[in-house]
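Just protein-v3.cif here, mmCIF, C-alpha atoms and all ligand atoms:
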data_entry
loop_
_atom_site.label_atom_id
_atom_site.label_comp_id
_atom_site.auth_asym_id
_atom_site.auth_seq_id
_atom_site.Cartn_x
_atom_site.Cartn_y
_atom_site.Cartn_z
CA MET I 91 3.19 14.84 -27.76
CA THR I 92 2.37 14.95 -24.05
CA VAL I 93 4.00 12.36 -21.80
CA LEU I 94 3.43 12.32 -18.03
CA THR I 95 5.89 10.58 -15.77
CA THR I 96 5.40 9.37 -12.21
CA HIS I 97 7.69 7.44 -9.84
CA SER I 98 6.94 4.10 -11.53
CA LEU I 99 4.99 4.89 -14.69
CA THR I 100 4.85 6.68 -17.98
CA LEU I 101 1.49 7.95 -19.23
CA ARG I 102 1.73 8.44 -22.97
CA PRO I 103 -0.56 8.49 -26.02
CA TRP I 104 -1.85 5.17 -27.33
CA ARG I 105 -0.01 3.66 -30.33
CA ALA I 106 -1.05 1.07 -32.91
CA SER I 107 1.76 -1.15 -31.62
CA ASP I 108 0.02 -1.38 -28.20
CA VAL I 109 -2.70 -3.66 -29.57
CA ASP I 110 -1.32 -6.99 -28.30
CA ALA I 111 -0.56 -5.67 -24.81
CA LEU I 112 -3.98 -4.06 -24.67
CA ILE I 113 -5.72 -7.37 -25.41
CA VAL I 114 -3.63 -9.21 -22.80
CA HIS I 115 -4.46 -6.77 -20.02
CA ALA I 116 -8.01 -5.72 -20.95
CA ASP I 117 -9.54 -9.13 -21.60
CA ASP I 118 -10.53 -9.66 -17.97
CA ARG I 119 -14.00 -9.79 -16.44
CA ARG I 120 -12.66 -8.34 -13.15
CA ILE I 121 -11.93 -5.13 -15.05
CA ALA I 122 -15.07 -5.04 -17.20
CA GLN I 123 -17.39 -5.50 -14.22
CA ASN I 124 -16.21 -2.18 -12.82
CA LEU I 125 -16.49 -0.12 -16.00
CA ARG I 126 -19.22 1.05 -18.37
CA ASP I 127 -20.57 -1.42 -20.93
CA ARG I 128 -18.62 0.37 -23.69
CA PHE I 129 -15.62 -1.54 -22.25
CA PRO I 130 -16.45 -4.99 -23.63
CA HIS I 131 -15.93 -8.50 -22.31
CA PRO I 132 -14.49 -10.57 -23.87
CA TYR I 133 -12.05 -7.96 -25.20
CA GLY I 134 -10.72 -8.93 -28.63
CA ARG I 135 -8.48 -7.56 -31.36
CA ALA I 136 -11.21 -5.49 -33.02
CA ASP I 137 -12.03 -3.90 -29.65
CA ALA I 138 -8.38 -3.05 -29.05
CA GLU I 139 -7.87 -1.62 -32.55
CA SER I 140 -11.02 0.44 -32.30
CA TRP I 141 -10.02 1.89 -28.90
CA ILE I 142 -6.50 2.78 -30.04
CA GLU I 143 -7.85 4.43 -33.20
CA PHE I 144 -10.31 6.47 -31.12
CA ALA I 145 -7.97 7.37 -28.25
CA SER I 146 -4.98 8.29 -30.40
CA SER I 147 -6.90 10.57 -32.76
CA ARG I 148 -8.34 13.07 -30.29
CA PRO I 149 -7.45 16.71 -30.81
CA SER I 150 -4.79 18.19 -28.54
CA PRO I 151 -4.74 18.25 -25.57
CA ASN I 152 -5.56 14.55 -25.75
CA PRO I 153 -7.34 13.34 -22.58
CA TYR I 154 -6.61 9.61 -23.05
CA PHE I 155 -3.32 7.98 -22.03
CA ALA I 156 -1.85 4.50 -21.96
CA ILE I 157 -0.46 3.66 -18.50
CA CYS I 158 2.96 2.14 -19.16
CA VAL I 159 5.66 0.31 -17.22
CA GLY I 160 8.72 0.82 -19.33
CA ASP I 161 7.18 0.89 -22.79
CA GLU I 162 4.50 -1.74 -22.16
CA ALA I 163 0.93 -0.47 -21.97
CA ILE I 164 -0.59 -2.11 -18.87
CA GLY I 165 -3.71 0.01 -18.49
CA SER I 166 -5.58 3.11 -19.45
CA ILE I 167 -6.60 6.41 -17.93
CA GLY I 168 -8.64 9.23 -19.41
CA ILE I 169 -10.90 12.17 -18.77
CA ASP I 170 -14.29 12.65 -20.42
CA ALA I 171 -15.47 16.25 -20.34
CA PHE I 172 -19.01 17.14 -19.45
CA ASP I 173 -20.68 19.84 -21.55
CA ASP I 174 -22.90 22.90 -21.26
CA VAL I 175 -22.84 24.38 -17.73
CA HIS I 176 -20.86 21.34 -16.53
CA ARG I 177 -18.05 21.86 -19.05
CA ARG I 178 -15.40 22.66 -16.41
CA THR I 179 -15.96 19.20 -14.89
CA GLY I 180 -14.13 16.11 -16.09
CA GLU I 181 -14.98 12.49 -15.38
CA LEU I 182 -11.98 10.31 -14.70
CA GLY I 183 -11.88 6.68 -15.85
CA TYR I 184 -9.05 4.17 -15.42
CA TRP I 185 -8.13 0.52 -15.27
CA LEU I 186 -4.98 -1.57 -14.88
CA GLY I 187 -4.13 -5.12 -15.90
CA ALA I 188 -4.62 -7.39 -12.88
CA ALA I 189 -1.00 -8.56 -12.94
CA HIS I 190 -0.07 -5.04 -11.84
CA TRP I 191 -2.64 -4.44 -9.09
CA GLY I 192 -1.62 -3.63 -5.54
CA ARG I 193 1.57 -1.68 -6.22
CA GLY I 194 0.17 1.84 -6.00
CA TYR I 195 0.22 2.29 -9.78
CA ALA I 196 -3.40 3.42 -10.13
CA THR I 197 -2.92 6.00 -7.41
CA GLU I 198 0.18 7.37 -9.15
CA ALA I 199 -1.71 7.57 -12.44
CA VAL I 200 -4.75 9.27 -10.89
CA VAL I 201 -2.57 11.88 -9.15
CA ALA I 202 -0.78 12.67 -12.43
CA MET I 203 -3.98 12.82 -14.47
CA THR I 204 -5.68 15.03 -11.92
CA SER I 205 -2.91 17.60 -12.23
CA TYR I 206 -3.12 17.31 -16.01
CA GLY I 207 -6.88 17.88 -15.91
CA PHE I 208 -6.53 21.05 -13.88
CA ASP I 209 -3.37 22.44 -15.48
CA GLN I 210 -3.68 21.42 -19.13
CA LEU I 211 -7.40 20.84 -19.69
CA GLY I 212 -8.49 23.86 -17.63
CA LEU I 213 -10.92 21.88 -15.49
CA ALA I 214 -12.26 23.22 -12.20
CA ARG I 215 -13.51 19.86 -10.91
CA MET I 216 -12.79 16.20 -11.54
CA GLN I 217 -14.97 13.35 -10.45
CA ALA I 218 -15.37 9.60 -10.67
CA GLY I 219 -18.36 7.39 -10.05
CA VAL I 220 -17.31 4.11 -8.46
CA PHE I 221 -19.59 1.10 -8.44
CA ALA I 222 -20.31 0.31 -4.79
CA TRP I 223 -18.76 -3.19 -5.04
CA ASN I 224 -15.33 -1.73 -5.90
CA PRO I 225 -13.50 -0.71 -2.68
CA ALA I 226 -10.06 -0.74 -4.35
CA SER I 227 -11.09 2.15 -6.58
CA THR I 228 -12.59 4.24 -3.80
CA ARG I 229 -9.33 3.75 -1.91
CA VAL I 230 -7.34 4.93 -4.95
CA LEU I 231 -9.42 8.09 -5.20
CA ALA I 232 -9.19 8.84 -1.48
CA LYS I 233 -5.40 8.40 -1.58
CA ALA I 234 -5.27 10.80 -4.55
CA GLY I 235 -7.14 13.52 -2.64
CA TYR I 236 -10.70 12.98 -3.91
CA GLN I 237 -13.56 13.45 -1.44
CA PHE I 238 -16.62 11.26 -1.08
CA GLU I 239 -19.63 13.41 -1.95
CA GLY I 240 -22.46 10.95 -1.78
CA THR I 241 -24.20 7.83 -2.99
CA LEU I 242 -26.18 7.73 -6.22
CA ARG I 243 -28.61 4.96 -5.32
CA SER I 244 -29.44 2.25 -7.88
CA HIS I 245 -27.56 4.27 -10.53
CA VAL I 246 -25.86 1.36 -12.28
CA VAL I 247 -26.99 -1.90 -13.79
CA LYS I 248 -24.10 -4.18 -14.68
CA ASP I 249 -24.42 -7.76 -15.85
CA GLY I 250 -28.00 -7.70 -14.61
CA ARG I 251 -26.97 -6.48 -11.15
CA LEU I 252 -28.37 -3.19 -9.89
CA GLY I 253 -26.06 -1.18 -7.67
CA ASP I 254 -25.19 2.14 -6.13
CA VAL I 255 -22.55 4.54 -7.42
CA LEU I 256 -20.22 6.30 -5.01
CA LEU I 257 -19.40 9.82 -6.19
CA TYR I 258 -15.85 11.05 -5.51
CA ALA I 259 -14.60 14.47 -6.58
CA VAL I 260 -11.77 16.95 -6.22
CA ILE I 261 -11.78 20.65 -7.02
CA ARG I 262 -8.72 22.71 -7.78
CA ALA I 263 -8.85 24.47 -4.40
CA ASP I 264 -8.60 21.13 -2.56
CA LEU I 265 -5.06 20.70 -3.84
CA THR I 266 -3.68 24.16 -3.05
C1 LIG G 1 -9.15 -0.16 -9.14
C2 LIG G 1 -7.75 -0.41 -9.72
C3 LIG G 1 -7.49 0.63 -10.80
C4 LIG G 1 -6.73 -0.27 -8.57
O1 LIG G 1 -5.43 -0.38 -9.10
P1 LIG G 1 -4.13 -0.58 -8.15
O2 LIG G 1 -2.93 -0.15 -8.91
O3 LIG G 1 -4.16 -1.93 -7.56
O4 LIG G 1 -4.45 0.51 -7.00
P2 LIG G 1 -3.43 1.02 -5.87
O5 LIG G 1 -2.40 -0.05 -5.64
O6 LIG G 1 -2.97 2.38 -6.24
O7 LIG G 1 -4.38 1.16 -4.61
C5 LIG G 1 -5.32 0.15 -4.30
C6 LIG G 1 -5.78 0.33 -2.86
O8 LIG G 1 -7.00 -0.41 -2.68
C7 LIG G 1 -6.83 -1.30 -1.61
N1 LIG G 1 -7.67 -2.45 -1.89
C8 LIG G 1 -7.52 -3.38 -2.85
N2 LIG G 1 -8.52 -4.27 -2.79
C9 LIG G 1 -9.33 -3.86 -1.77
C10 LIG G 1 -10.51 -4.37 -1.19
N3 LIG G 1 -11.10 -5.47 -1.70
N4 LIG G 1 -11.07 -3.71 -0.16
C11 LIG G 1 -10.50 -2.59 0.32
N5 LIG G 1 -9.35 -2.05 -0.17
C12 LIG G 1 -8.79 -2.70 -1.21
C13 LIG G 1 -5.35 -1.62 -1.60
O9 LIG G 1 -4.95 -2.16 -0.34
C14 LIG G 1 -4.77 -0.22 -1.86
O10 LIG G 1 -4.88 0.60 -0.72
P3 LIG G 1 -3.61 0.86 0.28
O11 LIG G 1 -2.52 1.49 -0.56
O12 LIG G 1 -4.15 1.75 1.34
O13 LIG G 1 -3.20 -0.50 0.78
C15 LIG G 1 -7.65 -1.83 -10.32
O14 LIG G 1 -8.02 -2.77 -9.34
C16 LIG G 1 -8.51 -2.02 -11.55
O15 LIG G 1 -8.11 -1.76 -12.66
N6 LIG G 1 -9.76 -2.52 -11.33
C17 LIG G 1 -10.69 -2.75 -12.42
C18 LIG G 1 -11.15 -1.47 -13.13
C19 LIG G 1 -11.64 -0.40 -12.17
O16 LIG G 1 -12.16 -0.70 -11.10
N7 LIG G 1 -11.47 0.87 -12.56
C20 LIG G 1 -11.95 1.99 -11.78
C21 LIG G 1 -13.38 2.26 -12.07
S1 LIG G 1 -14.03 3.59 -11.04
#
Structure encoded using C-alpha cells:
Amino acid sequence: MTVLTTHSLTLRPWRASDVDALIVHADDRRIAQNLRDRFPHPYGRADAESWIEFASSRPSPNPYFAICVGDEAIGSIGIDAFDDVHRRTGELGYWLGAAHWGRGYATEAVVAMTSYGFDQLGLARMQAGVFAWNPASTRVLAKAGYQFEGTLRSHVVKDGRLGDVLLYAVIRADLT
C-alpha cells in the first residue's frame, strides 16, 4: 500500500470507513463549482460510497489518494491518465474541504502527487485545467512548479455558465 507523507498531510488510499468524513467535506457547492460534473452536488452517501469503491479498487499503482490530516480524510487528489499518443501525460485533479483551505495543504498535496506521477506512474508531463474563476487553484499550481501554457477559451460549461479553462503543466525536466 502506497502512502505519501508531506509536512502536514498523509496521502493514502481511500477506505470504506472514510465515508462520513467524505460526505462532510465534499458536500459543498464551492468545491463542486470548480470540478467536473462527475463530482455531484449535493454530495450524499451513495456518492461517497460509489467514489470510495471506485478509487480504492484501482490496480496498482493506484492514482487516487485521500488527503488526510491525522487519519481524517479531508480531501482528494488523483491523476487520470490520457491514452494513445498522450499516454505519458496525466491530468491532476484535487479538492479540499473548505474548513482546511488557506493553510498550504493543497500545495503540499500537489507537490507530492507530482513526484508520484513522475516517479511511480512513469509520466513525462502532468497538467491541470483550471476554470478561469478559480484563482486559488492557479496559485496552487504555480507554487508547485506548474507553468501557465495558455487559455482554452469557452472550454467549460458549469451550472449554465460558460467559461475559459487555464491550462497549467509541468514536465519532468522542469523539476530537475
Ligand atoms: C483550490 C483549493 C484546492 C486550494 O486549497 P488550499 O489548501 O487552500 O490551497 P493553498 O493554501 O495551498 O494555496 C492557496 C493559494 O491561493 C491563494 N488564494 C486563495 N484564494 C484566492 C483568490 N480568491 N484569489 C487569489 N489567490 C487566492 C492563497 O492566498 C494561497 O496563495 P499564497 O500561499 O500565495 O497566499 C481549494 O480551494 C479547493 O478545494 N477548491 C475547490 C476545488 C478546486 O478548485 N479544485 C481544483 C480544481 S482545478
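Residues lying within 12 Å of Asn224 (chain I), counting all atoms listed in the file and ignoring same-chain neighbours fewer than 4 positions away, are Arg120, Ile121, Ala122, Gln123, Asn124, Leu125, Gly219, Val220, Thr228, Arg229, Val230, Leu231, Gly253, Asp254, Val255 and Leu256 of chain I.
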Review point. Neighbours of ligand LIG 1 (chain G) within 10 Å, counting all atoms listed in the file, as a ChimeraX atom specification?
Key: /I:115-116,118-126,164-167,181-201,217-234,255-258
**Study point:** d(CA of Arg251 (chain I), CA of Glu239 (chain I)) in Å
**Key:**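 Computed distance, CA of Arg251 (chain I) to CA of Glu239 (chain I), equals 23.1 Å.
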Practice item. Go through I:Val114, I:Ala263, I:Val109, I:Ile157 and flag the residue nearest Ala202 (chain I), using all atoms listed in the file for the distances. Key: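 Among the listed residues, the smallest separation from Ala202 (chain I) belongs to I:Ile157.
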Write out as AutoDock Vina command-line options an axis-aligned box for region 237-251 of chain I: all of its atoms listed in the file, 5 Å added on each side, centre and edge lengths in Å with one decimal.
--center_x -21.5 --center_y 2.8 --center_z -8.5 --size_x 25.9 --size_y 31.2 --size_z 24.8
Review point. What is the distance, in Å and to one decimal place, between CA of Tyr133 (chain I) and CA of Ala111 (chain I)?
Key: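 According to the coordinates, CA of Tyr133 (chain I) and CA of Ala111 (chain I) are separated by 11.7 Å.
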Point to revise | Point (-3.7, 21.3, -9.4) neighbourhood (6 Å, only C-alpha atoms) written as a PyMOL selection string | key: chain I and resi 205+208+262+265
Output C-alpha atoms for every residue in the selection just made, as a tab-separated table (two decimals), in the frame of the given file.
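To be explicit, this is the file written out as result.tsv:
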chain	number	residue	atom	x	y	z
I	205	SER	CA	-2.91	17.60	-12.23
I	208	PHE	CA	-6.53	21.05	-13.88
I	262	ARG	CA	-8.72	22.71	-7.78
I	265	LEU	CA	-5.06	20.70	-3.84
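Counting only C-alpha atoms and comparing I:His245, I:Arg215, I:Arg105, I:Arg148, the residue that lies closest to Ala259 (chain I) is I:Arg215.
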Point to revise | Atomic separation - CA of Thr179 (chain I) relative to CA of Pro149 (chain I), Å | key: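 Interatomic distance, CA of Pro149 (chain I) to CA of Thr179 (chain I): 18.2 Å.
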**Study point:** Nearest to Ala171 (chain I) by atom-to-atom distance, counting all atoms listed in the file, from I:Ala145, I:Leu242, I:Ala136, I:Leu213
**Key:**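 For Ala171 (chain I), the nearest of the given residues is I:Leu213.
The shortest atom-to-atom distance to Asn152 (chain I), with only C-alpha atoms taken into account, belongs to I:Asp170 out of I:Asp170, I:Arg128, I:Asp249, I:Ser244.
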Practice item. Choose the residue, out of I:Gln237, I:Asp137, I:Pro153, I:Val175, that has the smallest atom-to-atom separation from Gly207 (chain I); count only C-alpha atoms. Key: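 Of I:Gln237, I:Asp137, I:Pro153, I:Val175, the one nearest Gly207 (chain I), counting only C-alpha atoms, is I:Pro153.
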Check your understanding: With only C-alpha atoms as the atoms that count, which of I:Tyr206, I:Phe144, I:Phe238, I:Phe155 lies nearest to Gly168 (chain I)?
Key ->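 Residue with the minimum atom-to-atom distance to Gly168 (chain I): I:Phe155.
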**Study point:** Residue neighbourhood Leu101 (chain I), 7 Å, all atoms listed in the file, exclusion window fewer than 2 positions, as an MDAnalysis selection string
**Key:** chainID I and resid 93:95 99 155:158
